[in-house]
Amino acid sequence: NYLPKPEDKFTFGLWTVGSTGRDPFGSPVRDALSPVELVHLLAEVGAYGVNFHDNDLVPIDATPAERDQIVKSFKQALAETGLVVPMATTNLFGDPIFKDGAFTANDPKVRAYALQKTMRAMDLGAEFGAQIYVFWGGREGVEIDACRQPTDGYKRFREALNYLCEYNMAQNYGFKFALEAKPNEPRGDIYLPTTGAMLGFIATLDHPEMVGVNPEMAHEHMAGLNFVHAVAQAWDAGKLFHIDLNDQNYARFDQDWRFGMQSIKQSFFLVKFLEDVRYSGSRHFDAHAFRTEDYQGVRDFARGCMRTYGILKEKAQRFNQDPEIQALLAEINAEDPQMNAFLGKFSPEKAAALKAHTFDRPAISSRGLHYEALDQLVVDLLLGVR
Ligand code: GCO
Ligand code: MN
Ligand code: MN
Ligand code: MN
């Protein structure tokens with residue numbers, strides 16, 4: 001029946017089910033619910049956890065007393081529902097002060113404020129037991145490259161992350177940082193626009209072991225890329241600390257659709273990958289209900305994200321057990337013992353033998369690989385006739 005289970009670790013941001021449907025062209029279509037109400041809504045649909053930006057929970061201008069009251073009531077809602085807070089993050093994009101970026105802004109006052117705001121938000125996240133801390137630099141970019149050298153942007157971002165890694169250690173918070181790339185929106189160009197770019201950047205930090213990535217399906221699709229490949233590269237590098245699941249037509253504006261709404265096949269291979277490698281982190285849905293919906297529709301949206309994941313997980317199991325699919329895969333991936341002498345680790349002897357070998361190119365090339373048949377089996381499986 002595809003009902004969510006705690007071991008699925010399905011999480012939603014307060015800002016996802018809390019979206020009121022405001023977009024650049026229109027005002028809200030749903031009344032805002034309080035964080036406490038949103039926790040109850042998430043519990044009702046069967047989510048495991050809830051994540052937040054500092055200001056999803058505590059308004060930017062709240063007094064310390066107001067903050068403490070909010071924290072108290074939110075903790076009570078978590079205790080009542082059993083929901084956990086696996087991830088926290090900072091809103092470094094909403095307030096007008098961040099119009100030119102946060103850690104990378106040209107104004108040093110803005111950069112210092114961004115550090116202050118993030119340390120306070122880390123304190124808040126730690127208070128709720130969050131273990132992953134996400135950095136999405138939505139405003140860390142430009143419309144015009146005349147305003148700064150891109151390398152100054154990278155340098156400032158690096159300095160900020162190094163500083164915050166030290167803060168993480170000084171406070172003993174034990175956060176793992178997860179960097180989330182996006183190619184554009186809200187800025188014309190955002191620095192380090194893809195997961196691959198983030199992975200390259202992490203290697204330049206003082207504490208690379210503390211920092212990984214939070215790839216988002218929609219963001220790689222906006223860039224026209226293959227999300228499964230991005231996730232696989234992150235996994236291969238030991239850097240898949242978190243993941244943002246949603247959906248998106250390729251090369252469009254940021255759509256944030258229900259997971260599996262559009263890209264069934266890509267979503268299938270993503271779920272298959274996560275399950276095959278036994279990814280054990282949160283499966284976080286960073287999406288929101290259509291603007292056509294009321295809160296019943298928001299529940300439908302949230303349940304749909306998790307249900308589709310469950311269906312695709314079952315399809316992945318079938319793929320792995322399907323004799324015809326597995327026979328084709330075995331044939332396609334068959335080893336050639338003779339080639340073992342040439343492949344693998346380099347040695348001068350191996351290289352000399354390989355250079356002397358003659359390959360029958362026409363014979364090798366003439367072999368059909370049955371990818372048409374293989375893909376049709378996948379399509380049959382996904383369309384439910386297999
Ligand atoms: C977006 C981003 C954000 C971030 C969030 C957490 O396109 O707006 O995906 O939703 O994930 O700010 O860092
Ligand atoms: Mn996004
Ligand atoms: Mn978005
Ligand atoms: Mn996201």
# chains A, B, ... in the order shown; residues from 1 in each chain; ligands from 1
$ residues_near_ligand --ligand "ligand 4" --cutoff "6 Å" --atoms "only C-alpha atoms and all ligand atoms" --output "ChimeraX atom specification"
/A:216,244,286
$ select_by_dssp --residues "range 50-87 of chain A" --states "alpha helix (DSSP H)" --output "JSON, numbers by chain"
{"A": [54, 55, 56, 57, 64, 65, 66, 67, 68, 69, 70, 71, 72, 73, 74, 75, 76, 77, 78, 79, 80, 81]}
$ closest_atom_pairs --of "chain A" --to "ligand 1" --cutoff "8 Å" --atoms "only C-alpha atoms and all ligand atoms" --output "JSON lines"
{"residue": "A:Gly13", "atom": "CA", "partner": "ligand 1", "partner_atom_place_in_ligand_line": "6 (C)", "distance": 7.9}
{"residue": "A:Trp15", "atom": "CA", "partner": "ligand 1", "partner_atom_place_in_ligand_line": "10 (O)", "distance": 7.7}
{"residue": "A:Thr16", "atom": "CA", "partner": "ligand 1", "partner_atom_place_in_ligand_line": "10 (O)", "distance": 7.9}
{"residue": "A:Phe52", "atom": "CA", "partner": "ligand 1", "partner_atom_place_in_ligand_line": "6 (C)", "distance": 7.7}
{"residue": "A:His53", "atom": "CA", "partner": "ligand 1", "partner_atom_place_in_ligand_line": "6 (C)", "distance": 6.8}
{"residue": "A:Thr89", "atom": "CA", "partner": "ligand 1", "partner_atom_place_in_ligand_line": "13 (O)", "distance": 5.6}
{"residue": "A:Thr90", "atom": "CA", "partner": "ligand 1", "partner_atom_place_in_ligand_line": "13 (O)", "distance": 6.9}
{"residue": "A:Asn91", "atom": "CA", "partner": "ligand 1", "partner_atom_place_in_ligand_line": "12 (O)", "distance": 6.5}
{"residue": "A:Val134", "atom": "CA", "partner": "ligand 1", "partner_atom_place_in_ligand_line": "13 (O)", "distance": 5.4}
{"residue": "A:Phe135", "atom": "CA", "partner": "ligand 1", "partner_atom_place_in_ligand_line": "13 (O)", "distance": 5.6}
{"residue": "A:Trp136", "atom": "CA", "partner": "ligand 1", "partner_atom_place_in_ligand_line": "13 (O)", "distance": 4.4}
{"residue": "A:Gly137", "atom": "CA", "partner": "ligand 1", "partner_atom_place_in_ligand_line": "13 (O)", "distance": 7.7}
{"residue": "A:Gly138", "atom": "CA", "partner": "ligand 1", "partner_atom_place_in_ligand_line": "8 (O)", "distance": 6.9}
{"residue": "A:Glu180", "atom": "CA", "partner": "ligand 1", "partner_atom_place_in_ligand_line": "11 (O)", "distance": 6.9}
{"residue": "A:Lys182", "atom": "CA", "partner": "ligand 1", "partner_atom_place_in_ligand_line": "7 (O)", "distance": 7.1}
{"residue": "A:Glu185", "atom": "CA", "partner": "ligand 1", "partner_atom_place_in_ligand_line": "7 (O)", "distance": 7.4}
{"residue": "A:Glu216", "atom": "CA", "partner": "ligand 1", "partner_atom_place_in_ligand_line": "9 (O)", "distance": 6.7}
{"residue": "A:Ala218", "atom": "CA", "partner": "ligand 1", "partner_atom_place_in_ligand_line": "7 (O)", "distance": 7.9}
{"residue": "A:His219", "atom": "CA", "partner": "ligand 1", "partner_atom_place_in_ligand_line": "7 (O)", "distance": 7.1}
{"residue": "A:Asp244", "atom": "CA", "partner": "ligand 1", "partner_atom_place_in_ligand_line": "11 (O)", "distance": 6.7}
{"residue": "A:Asp254", "atom": "CA", "partner": "ligand 1", "partner_atom_place_in_ligand_line": "7 (O)", "distance": 6.5}
{"residue": "A:Asp256", "atom": "CA", "partner": "ligand 1", "partner_atom_place_in_ligand_line": "7 (O)", "distance": 7.3}
{"residue": "A:Asp286", "atom": "CA", "partner": "ligand 1", "partner_atom_place_in_ligand_line": "10 (O)", "distance": 5.8}
{"residue": "A:Ala287", "atom": "CA", "partner": "ligand 1", "partner_atom_place_in_ligand_line": "10 (O)", "distance": 7.5}
$ write_last_selection --atoms "C-alpha atoms" --output "PDB file, in the first residue's frame"
ATOM      1  CA  GLY A  13      10.809  21.564   4.913  1.00  0.00           C
ATOM      2  CA  TRP A  15       8.667  26.018   3.669  1.00  0.00           C
ATOM      3  CA  THR A  16       7.408  23.200   1.413  1.00  0.00           C
ATOM      4  CA  PHE A  52      13.582  24.462   8.551  1.00  0.00           C
ATOM      5  CA  HIS A  53      15.364  27.693   7.733  1.00  0.00           C
ATOM      6  CA  THR A  89      19.572  25.777   7.278  1.00  0.00           C
ATOM      7  CA  THR A  90      19.740  29.547   7.082  1.00  0.00           C
ATOM      8  CA  ASN A  91      17.591  31.901   5.084  1.00  0.00           C
ATOM      9  CA  VAL A 134      22.500  22.862   4.434  1.00  0.00           C
ATOM     10  CA  PHE A 135      24.013  25.813   2.598  1.00  0.00           C
ATOM     11  CA  TRP A 136      21.978  26.947  -0.366  1.00  0.00           C
ATOM     12  CA  GLY A 137      23.458  30.154  -1.709  1.00  0.00           C
ATOM     13  CA  GLY A 138      20.454  31.368  -3.624  1.00  0.00           C
ATOM     14  CA  GLU A 180      23.316  22.801  -2.499  1.00  0.00           C
ATOM     15  CA  LYS A 182      21.536  25.734  -8.335  1.00  0.00           C
ATOM     16  CA  GLU A 185      17.009  31.806  -9.831  1.00  0.00           C
ATOM     17  CA  GLU A 216      18.472  18.763  -5.899  1.00  0.00           C
ATOM     18  CA  ALA A 218      15.093  20.261 -10.107  1.00  0.00           C
ATOM     19  CA  HIS A 219      18.339  22.217  -9.997  1.00  0.00           C
ATOM     20  CA  ASP A 244      16.411  17.364  -2.245  1.00  0.00           C
ATOM     21  CA  ASP A 254      12.213  26.714 -10.900  1.00  0.00           C
ATOM     22  CA  ASP A 256       9.403  22.606  -7.448  1.00  0.00           C
ATOM     23  CA  ASP A 286      11.923  20.208  -1.467  1.00  0.00           C
ATOM     24  CA  ALA A 287       8.791  20.962  -3.425  1.00  0.00           C
TER      25      ALA A 287
END
$ select_by_dssp --residues "range 16-240 of chain A" --states "strand (DSSP E or B)" --output "count of residues only"
32
$ atom_distance --atom1 "CA of Ser19 in chain A" --atom2 "CA of Leu179 in chain A"
22.7 Å
$ residues_around --residues "Leu14 in chain A" --least-positions-apart "3" --cutoff "7 Å" --atoms "only C-alpha atoms" --output "number ranges by chain"
A: 17-18, 35, 38, 50-52, 56
$ residues_around --residues "Tyr371 in chain A" --least-positions-apart "3" --cutoff "9 Å" --atoms "only C-alpha atoms" --output "PyMOL selection string"
chain A and resi 328+332+368+374-376
$ write_last_selection --atoms "all heavy atoms" --output "mmCIF file, in the first residue's frame"
data_model
loop_
_atom_site.group_PDB
_atom_site.id
_atom_site.type_symbol
_atom_site.label_atom_id
_atom_site.label_comp_id
_atom_site.auth_asym_id
_atom_site.auth_seq_id
_atom_site.Cartn_x
_atom_site.Cartn_y
_atom_site.Cartn_z
ATOM 1 N N LEU A 328 19.850 -9.970 -19.630
ATOM 2 C CA LEU A 328 20.404 -8.997 -20.587
ATOM 3 C C LEU A 328 21.593 -8.257 -19.977
ATOM 4 O O LEU A 328 22.620 -8.077 -20.618
ATOM 5 C CB LEU A 328 19.331 -7.987 -20.993
ATOM 6 C CG LEU A 328 18.449 -8.359 -22.184
ATOM 7 C CD1 LEU A 328 17.402 -7.271 -22.399
ATOM 8 C CD2 LEU A 328 19.277 -8.550 -23.454
ATOM 9 N N ILE A 332 25.392 -8.100 -21.339
ATOM 10 C CA ILE A 332 26.012 -6.820 -21.698
ATOM 11 C C ILE A 332 27.302 -6.576 -20.917
ATOM 12 O O ILE A 332 28.267 -6.027 -21.429
ATOM 13 C CB ILE A 332 25.008 -5.664 -21.414
ATOM 14 C CG1 ILE A 332 23.830 -5.717 -22.367
ATOM 15 C CG2 ILE A 332 25.709 -4.311 -21.479
ATOM 16 C CD1 ILE A 332 22.623 -4.944 -21.870
ATOM 17 N N GLY A 368 25.629 -6.367 -31.340
ATOM 18 C CA GLY A 368 24.492 -5.551 -30.872
ATOM 19 C C GLY A 368 24.385 -5.631 -29.363
ATOM 20 O O GLY A 368 24.650 -6.672 -28.768
ATOM 21 N N LEU A 374 16.323 -3.755 -23.721
ATOM 22 C CA LEU A 374 16.471 -3.506 -22.282
ATOM 23 C C LEU A 374 15.609 -2.324 -21.845
ATOM 24 O O LEU A 374 14.878 -2.391 -20.855
ATOM 25 C CB LEU A 374 17.948 -3.235 -21.954
ATOM 26 C CG LEU A 374 18.275 -2.908 -20.505
ATOM 27 C CD1 LEU A 374 17.890 -4.046 -19.566
ATOM 28 C CD2 LEU A 374 19.765 -2.571 -20.343
ATOM 29 N N ASP A 375 15.669 -1.248 -22.612
ATOM 30 C CA ASP A 375 14.894 -0.072 -22.225
ATOM 31 C C ASP A 375 13.390 -0.332 -22.327
ATOM 32 O O ASP A 375 12.620 0.165 -21.522
ATOM 33 C CB ASP A 375 15.274 1.142 -23.074
ATOM 34 C CG ASP A 375 14.600 2.385 -22.536
ATOM 35 O OD1 ASP A 375 14.877 2.748 -21.379
ATOM 36 O OD2 ASP A 375 13.746 2.979 -23.243
ATOM 37 N N GLN A 376 12.981 -1.129 -23.328
ATOM 38 C CA GLN A 376 11.545 -1.424 -23.444
ATOM 39 C C GLN A 376 11.072 -2.237 -22.238
ATOM 40 O O GLN A 376 9.954 -2.038 -21.760
ATOM 41 C CB GLN A 376 11.242 -2.165 -24.749
ATOM 42 C CG GLN A 376 9.740 -2.275 -25.041
ATOM 43 C CD GLN A 376 9.089 -0.897 -25.165
ATOM 44 O OE1 GLN A 376 9.616 -0.021 -25.845
ATOM 45 N NE2 GLN A 376 7.959 -0.703 -24.507
#
$ atom_distance --atom1 "CA of Ser282 in chain A" --atom2 "CA of His242 in chain A"
6.1 Å
